[in-house]
Amino acid sequence: MVHRFENNGYRIALDECSGAVHVLDAETYAVLGLLDGLEGKAAADRLEHLRQMTPAQAVRETEMQAAKEAAQQERQAGKDAMLQAAKDAAEHTTRTLAVIAALPPEEYREILDEIRELADRGMLFKEDTYRQGLIDFQKRKTVVKALCLHIAHDCNLACRYCFAGEGEYHGDRALMSFEVGKKALDFLIENSGNRRNLEVDFFGGEPLMNWEVVKRLVAYGREQEKLHDTNFQFTQTTNGVLLNDEIMEFCNREMANVVLSLDGRKEVNDRMRPTRNGKGSYDLIVPKFQKFASQRRALGKSYYVRGTFTRENLDFASDVLHYADLGFDQLSMEPVVAPPEEPYALQEEDLPRLMEEYDRLAREFVERKKAGKGFTFFHFMLDLEGGPCVYKRLSGCGSGTEYLAVTPWGDLYPCHQFVGNPDFLLGNVEEGIVRPEICNEFKLCNVYAKPSCRDCFARFYCSGGCAANAYNFHGKITDAYEIGCALEKKRVECALMIKAALAEKA
Amino acid sequence: MKHIQTLNENTLQNTVQHGGCGECQTSCQSACKTSCTVGNQTCENEAQKK
Ligand code: SF4
Ligand code: SF4
Ligand code: SF4
């Protein structure tokens, strides 16, 4: 299928299954609309049919078709209940058709020829032929390649939206002992098959509250690497409160990535991320993060300044830009995931506003890039030429199979978001996985297993979304979380618009 | 082409042959931790990258 959309003045067609991205002029955008919803042979047939007609004939035929469909919809839904969306679509069609009606016949033909050429080259209307391959791919024996170590279920901040309940995961405060951590690394090595690169993320709570154990585990990992011909990639998240020179120096040597949590502008950050005695955390951590980030940049090592936005800062683009103004250039900002009754939870009615914010951020992204002051934004990064293979793209996040979370006392869960929910307790580092049936459920949780993802244009970029979000909102890991989906789709569109803008001939 | 500017040549179909080795990073990287984004990841497979 082809996904056509307009964003910040660009008209773009994404051919979902080939991944080809086309920037269109207004006329082509309209003509391609005559082929909406078609792929493969049906698209080719319709294309031939359109080529036999004049623009006026094509318009008349489409109008008649649209009228028939509208009447049918009205009968089914009742006149009053005719959805706003359907009305908008009808209006859109009218505008599109006006463009086509005004086209000189030669130009109309020329456009159809270009469309046909791309279709012949497999770059438009490609059908989804990946399903069987993916089923085979998922049947392979999976190995564990990544662990999220909950090194400390404790925190020195009291962020209001913390899904971990201020670091404690709705259990008791606890620190992981070196013994448990060591067994976790052994478990990873044992269960990683022939894989060389193993990922270990130090997560919390706040990992720096158990810093001695982090250091000892890294040292243990480096020893084991040599014995087993593997390579540990350590990463770590921190809120910065305890960050100091010694820690930075250690991380610069040992950590492939560090994630620095900050929510943007001072007033936003301090409202959502207070310290335990109710003071703001911004002034305490920003200077340290700035120092840390500039060291890492100089060393060519990656870092992310990462935040969460909530209903209380729907103008979150300003927070992302604030990071950039502070001198950070590797940025990430995520929508909060919270129970709908929380005042800061995002609501469906916020979506139009949030969409505008992403558009604004994308525009600003391009402008700063062109002015030589560019930054990267996690969700706008997209590799059109390379990037992951189609199987990777369709097989989901890996939670519960390739990626597991380990609690301070050594229990295993499908991922950090499931920690503390007894229904998802998989086993522990001592005995390994004792409930493989849960892992199997996660293993089969791919794009084709999710009804709403199967036809979603974003499926090759989003991989079927987050199982934890789906579970939290619908009680099923194979569902989709609508607000999250709407935002994900928008981010993909923005990312493609950015590619279009940067490819523009100056 | 006059009306259409295509941004990328390499298509997903080309990844079918060499893909699926499983050497790449898991998808919920630490920069995210609440969502899944694969479009921005890197492939670790030399044969497939060509
Ligand atoms: S490393 Fe590349 S080819 Fe292998 S599974 Fe990952 S994306 Fe696919
Ligand atoms: S955006 Fe939503 S529906 Fe689309 S692939 Fe992702 S999770 Fe599925
Ligand atoms: S379920 Fe969600 S939070 Fe957990 S690893 Fe997957 S994408 Fe990340």
# chains A, B, ... in the order shown; residues from 1 in each chain; ligands from 1

call {"tool": "residues_near_ligand", "arguments": {"ligand": "ligand 2", "cutoff": "9 Å", "atoms": "only C-alpha atoms and all ligand atoms", "output": "ChimeraX atom specification"}}
result
/A:394,447,450-467,470,479-490 /B:36-37

call {"tool": "residues_near_ligand", "arguments": {"ligand": "ligand 1", "cutoff": "7 Å", "atoms": "only C-alpha atoms and all ligand atoms", "output": "PDB file with all heavy atoms, in the first residue's frame"}}
result
ATOM      1  N   GLY A 387      19.733   0.650   7.358  1.00  0.00           N
ATOM      2  CA  GLY A 387      18.762   0.352   8.404  1.00  0.00           C
ATOM      3  C   GLY A 387      18.537  -1.140   8.495  1.00  0.00           C
ATOM      4  O   GLY A 387      19.095  -1.925   7.737  1.00  0.00           O
ATOM      5  N   PRO A 388      17.731  -1.534   9.429  1.00  0.00           N
ATOM      6  CA  PRO A 388      17.552  -2.960   9.695  1.00  0.00           C
ATOM      7  C   PRO A 388      16.819  -3.699   8.576  1.00  0.00           C
ATOM      8  O   PRO A 388      16.092  -3.095   7.804  1.00  0.00           O
ATOM      9  CB  PRO A 388      16.693  -2.977  10.959  1.00  0.00           C
ATOM     10  CG  PRO A 388      16.500  -1.591  11.382  1.00  0.00           C
ATOM     11  CD  PRO A 388      16.989  -0.678  10.340  1.00  0.00           C
ATOM     12  N   CYS A 389      17.029  -4.991   8.537  1.00  0.00           N
ATOM     13  CA  CYS A 389      16.346  -5.820   7.544  1.00  0.00           C
ATOM     14  C   CYS A 389      14.879  -5.933   7.900  1.00  0.00           C
ATOM     15  O   CYS A 389      14.459  -5.612   9.011  1.00  0.00           O
ATOM     16  CB  CYS A 389      16.984  -7.200   7.484  1.00  0.00           C
ATOM     17  SG  CYS A 389      16.692  -8.190   8.962  1.00  0.00           S
ATOM     18  N   VAL A 390      14.132  -6.417   6.946  1.00  0.00           N
ATOM     19  CA  VAL A 390      12.695  -6.441   7.112  1.00  0.00           C
ATOM     20  C   VAL A 390      12.259  -7.333   8.281  1.00  0.00           C
ATOM     21  O   VAL A 390      11.301  -7.029   8.984  1.00  0.00           O
ATOM     22  CB  VAL A 390      12.080  -6.822   5.747  1.00  0.00           C
ATOM     23  CG1 VAL A 390      11.976  -8.285   5.546  1.00  0.00           C
ATOM     24  CG2 VAL A 390      10.777  -6.126   5.542  1.00  0.00           C
ATOM     25  N   TYR A 391      12.994  -8.381   8.561  1.00  0.00           N
ATOM     26  CA  TYR A 391      12.611  -9.282   9.652  1.00  0.00           C
ATOM     27  C   TYR A 391      12.750  -8.603  10.997  1.00  0.00           C
ATOM     28  O   TYR A 391      11.907  -8.710  11.881  1.00  0.00           O
ATOM     29  CB  TYR A 391      13.431 -10.569   9.599  1.00  0.00           C
ATOM     30  CG  TYR A 391      13.249 -11.279   8.292  1.00  0.00           C
ATOM     31  CD1 TYR A 391      14.314 -11.508   7.452  1.00  0.00           C
ATOM     32  CD2 TYR A 391      11.981 -11.666   7.876  1.00  0.00           C
ATOM     33  CE1 TYR A 391      14.137 -12.132   6.234  1.00  0.00           C
ATOM     34  CE2 TYR A 391      11.785 -12.282   6.663  1.00  0.00           C
ATOM     35  CZ  TYR A 391      12.870 -12.511   5.835  1.00  0.00           C
ATOM     36  OH  TYR A 391      12.677 -13.103   4.634  1.00  0.00           O
ATOM     37  N   LYS A 392      13.871  -7.911  11.125  1.00  0.00           N
ATOM     38  CA  LYS A 392      14.080  -7.148  12.344  1.00  0.00           C
ATOM     39  C   LYS A 392      12.953  -6.133  12.531  1.00  0.00           C
ATOM     40  O   LYS A 392      12.434  -5.927  13.626  1.00  0.00           O
ATOM     41  CB  LYS A 392      15.431  -6.443  12.249  1.00  0.00           C
ATOM     42  CG  LYS A 392      15.652  -5.366  13.268  1.00  0.00           C
ATOM     43  CD  LYS A 392      16.063  -5.933  14.583  1.00  0.00           C
ATOM     44  CE  LYS A 392      16.377  -4.827  15.571  1.00  0.00           C
ATOM     45  NZ  LYS A 392      16.593  -5.380  16.895  1.00  0.00           N
TER      46      LYS A 392
ATOM     47  N   HIS B  18      19.651 -11.509   2.708  1.00  0.00           N
ATOM     48  CA  HIS B  18      20.731 -11.653   3.696  1.00  0.00           C
ATOM     49  C   HIS B  18      20.297 -11.319   5.120  1.00  0.00           C
ATOM     50  O   HIS B  18      21.074 -11.388   6.044  1.00  0.00           O
ATOM     51  CB  HIS B  18      21.916 -10.762   3.323  1.00  0.00           C
ATOM     52  CG  HIS B  18      22.572 -11.175   2.061  1.00  0.00           C
ATOM     53  ND1 HIS B  18      23.299 -12.336   1.955  1.00  0.00           N
ATOM     54  CD2 HIS B  18      22.585 -10.595   0.850  1.00  0.00           C
ATOM     55  CE1 HIS B  18      23.733 -12.441   0.714  1.00  0.00           C
ATOM     56  NE2 HIS B  18      23.319 -11.406   0.018  1.00  0.00           N
ATOM     57  N   GLY B  19      19.052 -10.907   5.255  1.00  0.00           N
ATOM     58  CA  GLY B  19      18.615 -10.417   6.557  1.00  0.00           C
ATOM     59  C   GLY B  19      18.340 -11.531   7.545  1.00  0.00           C
ATOM     60  O   GLY B  19      18.476 -12.717   7.258  1.00  0.00           O
ATOM     61  N   GLY B  20      17.945 -11.094   8.714  1.00  0.00           N
ATOM     62  CA  GLY B  20      17.467 -12.058   9.692  1.00  0.00           C
ATOM     63  C   GLY B  20      18.547 -12.797  10.456  1.00  0.00           C
ATOM     64  O   GLY B  20      18.302 -13.863  11.001  1.00  0.00           O
ATOM     65  N   CYS B  21      19.745 -12.230  10.557  1.00  0.00           N
ATOM     66  CA  CYS B  21      20.799 -12.953  11.273  1.00  0.00           C
ATOM     67  C   CYS B  21      20.671 -12.747  12.788  1.00  0.00           C
ATOM     68  O   CYS B  21      21.206 -13.503  13.567  1.00  0.00           O
ATOM     69  CB  CYS B  21      22.160 -12.491  10.804  1.00  0.00           C
ATOM     70  SG  CYS B  21      22.489 -10.812  11.296  1.00  0.00           S
ATOM     71  N   GLY B  22      19.999 -11.689  13.209  1.00  0.00           N
ATOM     72  CA  GLY B  22      19.791 -11.457  14.639  1.00  0.00           C
ATOM     73  C   GLY B  22      20.973 -10.862  15.387  1.00  0.00           C
ATOM     74  O   GLY B  22      20.998 -10.865  16.609  1.00  0.00           O
ATOM     75  N   GLU B  23      21.960 -10.333  14.679  1.00  0.00           N
ATOM     76  CA  GLU B  23      23.148  -9.800  15.371  1.00  0.00           C
ATOM     77  C   GLU B  23      22.958  -8.368  15.894  1.00  0.00           C
ATOM     78  O   GLU B  23      23.759  -7.893  16.681  1.00  0.00           O
ATOM     79  CB  GLU B  23      24.367  -9.829  14.448  1.00  0.00           C
ATOM     80  CG  GLU B  23      25.213 -11.104  14.557  1.00  0.00           C
ATOM     81  CD  GLU B  23      25.681 -11.430  15.989  1.00  0.00           C
ATOM     82  OE1 GLU B  23      26.184 -10.541  16.677  1.00  0.00           O
ATOM     83  OE2 GLU B  23      25.527 -12.593  16.407  1.00  0.00           O
ATOM     84  N   CYS B  24      21.906  -7.717  15.485  1.00  0.00           N
ATOM     85  CA  CYS B  24      21.767  -6.309  15.855  1.00  0.00           C
ATOM     86  C   CYS B  24      21.260  -6.145  17.291  1.00  0.00           C
ATOM     87  O   CYS B  24      20.812  -7.086  17.920  1.00  0.00           O
ATOM     88  CB  CYS B  24      20.835  -5.609  14.890  1.00  0.00           C
ATOM     89  SG  CYS B  24      19.346  -6.545  14.581  1.00  0.00           S
ATOM     90  N   THR B  42      20.816   0.323  13.603  1.00  0.00           N
ATOM     91  CA  THR B  42      21.810  -0.055  12.615  1.00  0.00           C
ATOM     92  C   THR B  42      21.885  -1.559  12.489  1.00  0.00           C
ATOM     93  O   THR B  42      21.736  -2.288  13.453  1.00  0.00           O
ATOM     94  CB  THR B  42      23.219   0.448  13.016  1.00  0.00           C
ATOM     95  OG1 THR B  42      23.163   0.847  14.387  1.00  0.00           O
ATOM     96  CG2 THR B  42      23.627   1.606  12.179  1.00  0.00           C
ATOM     97  N   CYS B  43      22.141  -1.971  11.294  1.00  0.00           N
ATOM     98  CA  CYS B  43      22.290  -3.393  11.003  1.00  0.00           C
ATOM     99  C   CYS B  43      23.748  -3.774  11.254  1.00  0.00           C
ATOM    100  O   CYS B  43      24.658  -3.029  10.955  1.00  0.00           O
ATOM    101  CB  CYS B  43      21.921  -3.610   9.552  1.00  0.00           C
ATOM    102  SG  CYS B  43      22.222  -5.267   8.991  1.00  0.00           S
ATOM    103  N   GLU B  44      23.952  -4.945  11.840  1.00  0.00           N
ATOM    104  CA  GLU B  44      25.323  -5.373  12.163  1.00  0.00           C
ATOM    105  C   GLU B  44      25.849  -6.398  11.159  1.00  0.00           C
ATOM    106  O   GLU B  44      26.926  -6.949  11.323  1.00  0.00           O
ATOM    107  CB  GLU B  44      25.347  -6.024  13.552  1.00  0.00           C
ATOM    108  CG  GLU B  44      24.904  -5.122  14.686  1.00  0.00           C
ATOM    109  CD  GLU B  44      25.990  -4.155  15.109  1.00  0.00           C
ATOM    110  OE1 GLU B  44      27.164  -4.420  14.818  1.00  0.00           O
ATOM    111  OE2 GLU B  44      25.640  -3.121  15.719  1.00  0.00           O
ATOM    112  N   ASN B  45      25.052  -6.664  10.150  1.00  0.00           N
ATOM    113  CA  ASN B  45      25.380  -7.757   9.244  1.00  0.00           C
ATOM    114  C   ASN B  45      26.029  -7.199   7.971  1.00  0.00           C
ATOM    115  O   ASN B  45      25.396  -6.502   7.188  1.00  0.00           O
ATOM    116  CB  ASN B  45      24.068  -8.484   8.925  1.00  0.00           C
ATOM    117  CG  ASN B  45      24.250  -9.624   7.953  1.00  0.00           C
ATOM    118  OD1 ASN B  45      25.169  -9.635   7.154  1.00  0.00           O
ATOM    119  ND2 ASN B  45      23.344 -10.561   8.022  1.00  0.00           N
ATOM    120  N   GLN B  48      24.471  -8.126   4.531  1.00  0.00           N
ATOM    121  CA  GLN B  48      23.170  -7.526   4.254  1.00  0.00           C
ATOM    122  C   GLN B  48      23.300  -6.041   3.956  1.00  0.00           C
ATOM    123  O   GLN B  48      22.542  -5.477   3.183  1.00  0.00           O
ATOM    124  CB  GLN B  48      22.248  -7.873   5.428  1.00  0.00           C
ATOM    125  CG  GLN B  48      21.592  -6.784   6.177  1.00  0.00           C
ATOM    126  CD  GLN B  48      20.330  -6.319   5.486  1.00  0.00           C
ATOM    127  OE1 GLN B  48      19.884  -6.896   4.529  1.00  0.00           O
ATOM    128  NE2 GLN B  48      19.801  -5.226   5.959  1.00  0.00           N
TER     129      GLN B  48
END

call {"tool": "closest_atom_pairs", "arguments": {"of": "chain A", "to": "ligand 3", "cutoff": "10 Å", "atoms": "only C-alpha atoms and all ligand atoms", "output": "JSON lines"}}
result
{"residue": "A:Cys148", "atom": "CA", "partner": "ligand 3", "partner_atom_place_in_ligand_line": "5 (S)", "distance": 9.4}
{"residue": "A:Gly396", "atom": "CA", "partner": "ligand 3", "partner_atom_place_in_ligand_line": "6 (Fe)", "distance": 7.4}
{"residue": "A:Cys397", "atom": "CA", "partner": "ligand 3", "partner_atom_place_in_ligand_line": "6 (Fe)", "distance": 4.7}
{"residue": "A:Gly398", "atom": "CA", "partner": "ligand 3", "partner_atom_place_in_ligand_line": "6 (Fe)", "distance": 6.4}
{"residue": "A:Ser399", "atom": "CA", "partner": "ligand 3", "partner_atom_place_in_ligand_line": "5 (S)", "distance": 4.6}
{"residue": "A:Gly400", "atom": "CA", "partner": "ligand 3", "partner_atom_place_in_ligand_line": "5 (S)", "distance": 8.0}
{"residue": "A:Thr401", "atom": "CA", "partner": "ligand 3", "partner_atom_place_in_ligand_line": "5 (S)", "distance": 10.0}
{"residue": "A:Glu402", "atom": "CA", "partner": "ligand 3", "partner_atom_place_in_ligand_line": "5 (S)", "distance": 9.6}
{"residue": "A:Tyr403", "atom": "CA", "partner": "ligand 3", "partner_atom_place_in_ligand_line": "5 (S)", "distance": 7.0}
{"residue": "A:Leu404", "atom": "CA", "partner": "ligand 3", "partner_atom_place_in_ligand_line": "5 (S)", "distance": 8.1}
{"residue": "A:Ala405", "atom": "CA", "partner": "ligand 3", "partner_atom_place_in_ligand_line": "5 (S)", "distance": 8.9}
{"residue": "A:Tyr413", "atom": "CA", "partner": "ligand 3", "partner_atom_place_in_ligand_line": "4 (Fe)", "distance": 9.8}
{"residue": "A:Pro414", "atom": "CA", "partner": "ligand 3", "partner_atom_place_in_ligand_line": "4 (Fe)", "distance": 7.2}
{"residue": "A:Cys415", "atom": "CA", "partner": "ligand 3", "partner_atom_place_in_ligand_line": "4 (Fe)", "distance": 4.7}
{"residue": "A:His416", "atom": "CA", "partner": "ligand 3", "partner_atom_place_in_ligand_line": "4 (Fe)", "distance": 6.1}
{"residue": "A:Gln417", "atom": "CA", "partner": "ligand 3", "partner_atom_place_in_ligand_line": "3 (S)", "distance": 5.4}
{"residue": "A:Phe418", "atom": "CA", "partner": "ligand 3", "partner_atom_place_in_ligand_line": "4 (Fe)", "distance": 7.3}
{"residue": "A:Val419", "atom": "CA", "partner": "ligand 3", "partner_atom_place_in_ligand_line": "4 (Fe)", "distance": 9.9}
{"residue": "A:Phe442", "atom": "CA", "partner": "ligand 3", "partner_atom_place_in_ligand_line": "1 (S)", "distance": 9.1}
{"residue": "A:Cys462", "atom": "CA", "partner": "ligand 3", "partner_atom_place_in_ligand_line": "7 (S)", "distance": 9.4}
{"residue": "A:Ser463", "atom": "CA", "partner": "ligand 3", "partner_atom_place_in_ligand_line": "7 (S)", "distance": 9.1}
{"residue": "A:Gly464", "atom": "CA", "partner": "ligand 3", "partner_atom_place_in_ligand_line": "7 (S)", "distance": 8.9}
{"residue": "A:Gly465", "atom": "CA", "partner": "ligand 3", "partner_atom_place_in_ligand_line": "7 (S)", "distance": 6.2}
{"residue": "A:Cys466", "atom": "CA", "partner": "ligand 3", "partner_atom_place_in_ligand_line": "2 (Fe)", "distance": 3.6}
{"residue": "A:Ala467", "atom": "CA", "partner": "ligand 3", "partner_atom_place_in_ligand_line": "1 (S)", "distance": 4.0}
{"residue": "A:Ala468", "atom": "CA", "partner": "ligand 3", "partner_atom_place_in_ligand_line": "1 (S)", "distance": 4.3}
{"residue": "A:Asn469", "atom": "CA", "partner": "ligand 3", "partner_atom_place_in_ligand_line": "2 (Fe)", "distance": 6.3}
{"residue": "A:Ala470", "atom": "CA", "partner": "ligand 3", "partner_atom_place_in_ligand_line": "1 (S)", "distance": 8.4}
{"residue": "A:Tyr471", "atom": "CA", "partner": "ligand 3", "partner_atom_place_in_ligand_line": "1 (S)", "distance": 8.8}
{"residue": "A:Ile477", "atom": "CA", "partner": "ligand 3", "partner_atom_place_in_ligand_line": "1 (S)", "distance": 8.3}

call {"tool": "residues_around", "arguments": {"residues": "Val99 of chain A", "least_positions_apart": "5", "cutoff": "10 Å", "atoms": "only C-alpha atoms", "output": "ChimeraX atom specification"}}
result
/A:26-31,55,59,93-94

call {"tool": "closest_residue", "arguments": {"among": "A:Gly410, A:Gly221, A:Gly19, A:Pro207", "to": "chain B", "atoms": "only C-alpha atoms"}}
result
A:Gly19

call {"tool": "atom_distance", "arguments": {"atom1": "atom CA of Leu34 of chain A", "atom2": "atom CA of Arg95 of chain A"}}
result
12.4 Å

call {"tool": "select_by_dssp", "arguments": {"residues": "chain B", "states": "alpha helix (DSSP H)", "output": "ChimeraX atom specification"}}
result
/B:46-49

call {"tool": "residues_around", "arguments": {"residues": "segment 253-258 of chain A", "least_positions_apart": "5", "cutoff": "8 Å", "atoms": "only C-alpha atoms", "output": "list in words"}}
result
Val218, Gln233, Phe234, Thr235, Gln236, Thr237, Thr238, Lys301, Ser302, Tyr303 and Tyr304 of chain A

call {"tool": "atom_distance", "arguments": {"atom1": "atom CA of Val144 of chain A", "atom2": "atom CA of Ile189 of chain A"}}
result
8.5 Å

call {"tool": "closest_residue", "arguments": {"among": "A:Gly300, A:Gly386, A:Gly205, A:Pro340", "to": "chain B", "atoms": "only C-alpha atoms"}}
result
A:Gly386

call {"tool": "residues_around", "arguments": {"residues": "Gly264 of chain A", "least_positions_apart": "6", "cutoff": "8 Å", "atoms": "only C-alpha atoms", "output": "compact mmCIF listing (two decimals) with C-alpha atoms, in the first residue's frame"}}
result
# COMPACT_ATOMS: atom_id res chain seq x y z
CA GLY A 307 13.08 13.40 28.97
CA SER A 318 10.22 23.94 23.47
CA ASP A 319 11.78 21.53 25.94
CA VAL A 320 13.60 19.64 23.24
CA HIS A 322 15.87 23.95 25.29
CA TYR A 323 18.18 20.92 25.44

call {"tool": "atom_distance", "arguments": {"atom1": "atom CA of Glu348 of chain A", "atom2": "atom CA of Ala71 of chain A"}}
result
29.1 Å

call {"tool": "closest_residue", "arguments": {"among": "B:Glu9, B:Thr15, B:Lys33, B:Ile4", "to": "Glu46 of chain B", "atoms": "only C-alpha atoms"}}
result
B:Thr15

call {"tool": "select_by_dssp", "arguments": {"residues": "segment 222-411 of chain A", "states": "strand (DSSP E)", "output": "ChimeraX atom specification"}}
result
/A:231-238,255-261,302-309,330-335,376-377,403-406,411

call {"tool": "residues_around", "arguments": {"residues": "Ala184 of chain A", "least_positions_apart": "6", "cutoff": "10 Å", "atoms": "only C-alpha atoms", "output": "MDAnalysis selection string"}}
result
chainID A and resid 147:149 178 190 200 217 405:407 410:412 428:430 432

call {"tool": "decode", "arguments": {"residues": "segment 130-175 of chain A", "atoms": "C-alpha atoms", "output": "short mmCIF file (atom, residue, chain, number, x, y, z; two decimals), in the first residue's frame"}}
result
data_model
loop_
_atom_site.label_atom_id
_atom_site.label_comp_id
_atom_site.auth_asym_id
_atom_site.auth_seq_id
_atom_site.Cartn_x
_atom_site.Cartn_y
_atom_site.Cartn_z
CA TYR A 130 7.17 -10.91 4.12
CA ARG A 131 4.80 -12.84 6.27
CA GLN A 132 6.03 -16.37 5.65
CA GLY A 133 9.64 -15.29 5.94
CA LEU A 134 8.93 -13.69 9.26
CA ILE A 135 7.20 -16.78 10.59
CA ASP A 136 10.31 -18.80 9.71
CA PHE A 137 12.55 -16.14 11.20
CA GLN A 138 10.63 -16.25 14.44
CA LYS A 139 10.80 -20.01 14.63
CA ARG A 140 14.55 -19.81 14.96
CA LYS A 141 15.98 -20.51 18.34
CA THR A 142 16.36 -17.16 20.02
CA VAL A 143 19.12 -16.33 22.42
CA VAL A 144 19.27 -13.72 25.14
CA LYS A 145 21.35 -10.79 23.98
CA ALA A 146 20.49 -8.01 26.36
CA LEU A 147 19.79 -7.54 30.03
CA CYS A 148 18.42 -4.60 31.87
CA LEU A 149 19.87 -4.77 35.36
CA HIS A 150 17.78 -3.07 38.00
CA ILE A 151 20.80 -2.25 39.98
CA ALA A 152 18.92 -0.10 42.49
CA HIS A 153 15.26 -0.01 43.33
CA ASP A 154 15.70 3.26 45.06
CA CYS A 155 15.91 6.82 43.93
CA ASN A 156 17.02 10.21 45.16
CA LEU A 157 14.42 12.04 43.10
CA ALA A 158 10.68 11.72 43.33
CA CYS A 159 9.56 12.16 39.72
CA ARG A 160 5.82 12.33 39.69
CA TYR A 161 5.28 10.07 36.69
CA CYS A 162 7.83 7.41 37.65
CA PHE A 163 6.43 4.08 36.45
CA ALA A 164 8.65 2.48 39.04
CA GLY A 165 6.86 4.22 41.93
CA GLU A 166 9.76 6.53 42.85
CA GLY A 167 12.21 3.81 42.06
CA GLU A 168 10.77 1.12 44.26
CA TYR A 169 8.68 -0.74 41.68
CA HIS A 170 5.86 -1.08 44.15
CA GLY A 171 8.00 -3.35 46.25
CA ASP A 172 10.60 -2.58 48.84
CA ARG A 173 13.64 -0.50 48.28
CA ALA A 174 16.50 -2.74 47.36
CA LEU A 175 19.98 -2.70 45.91
#
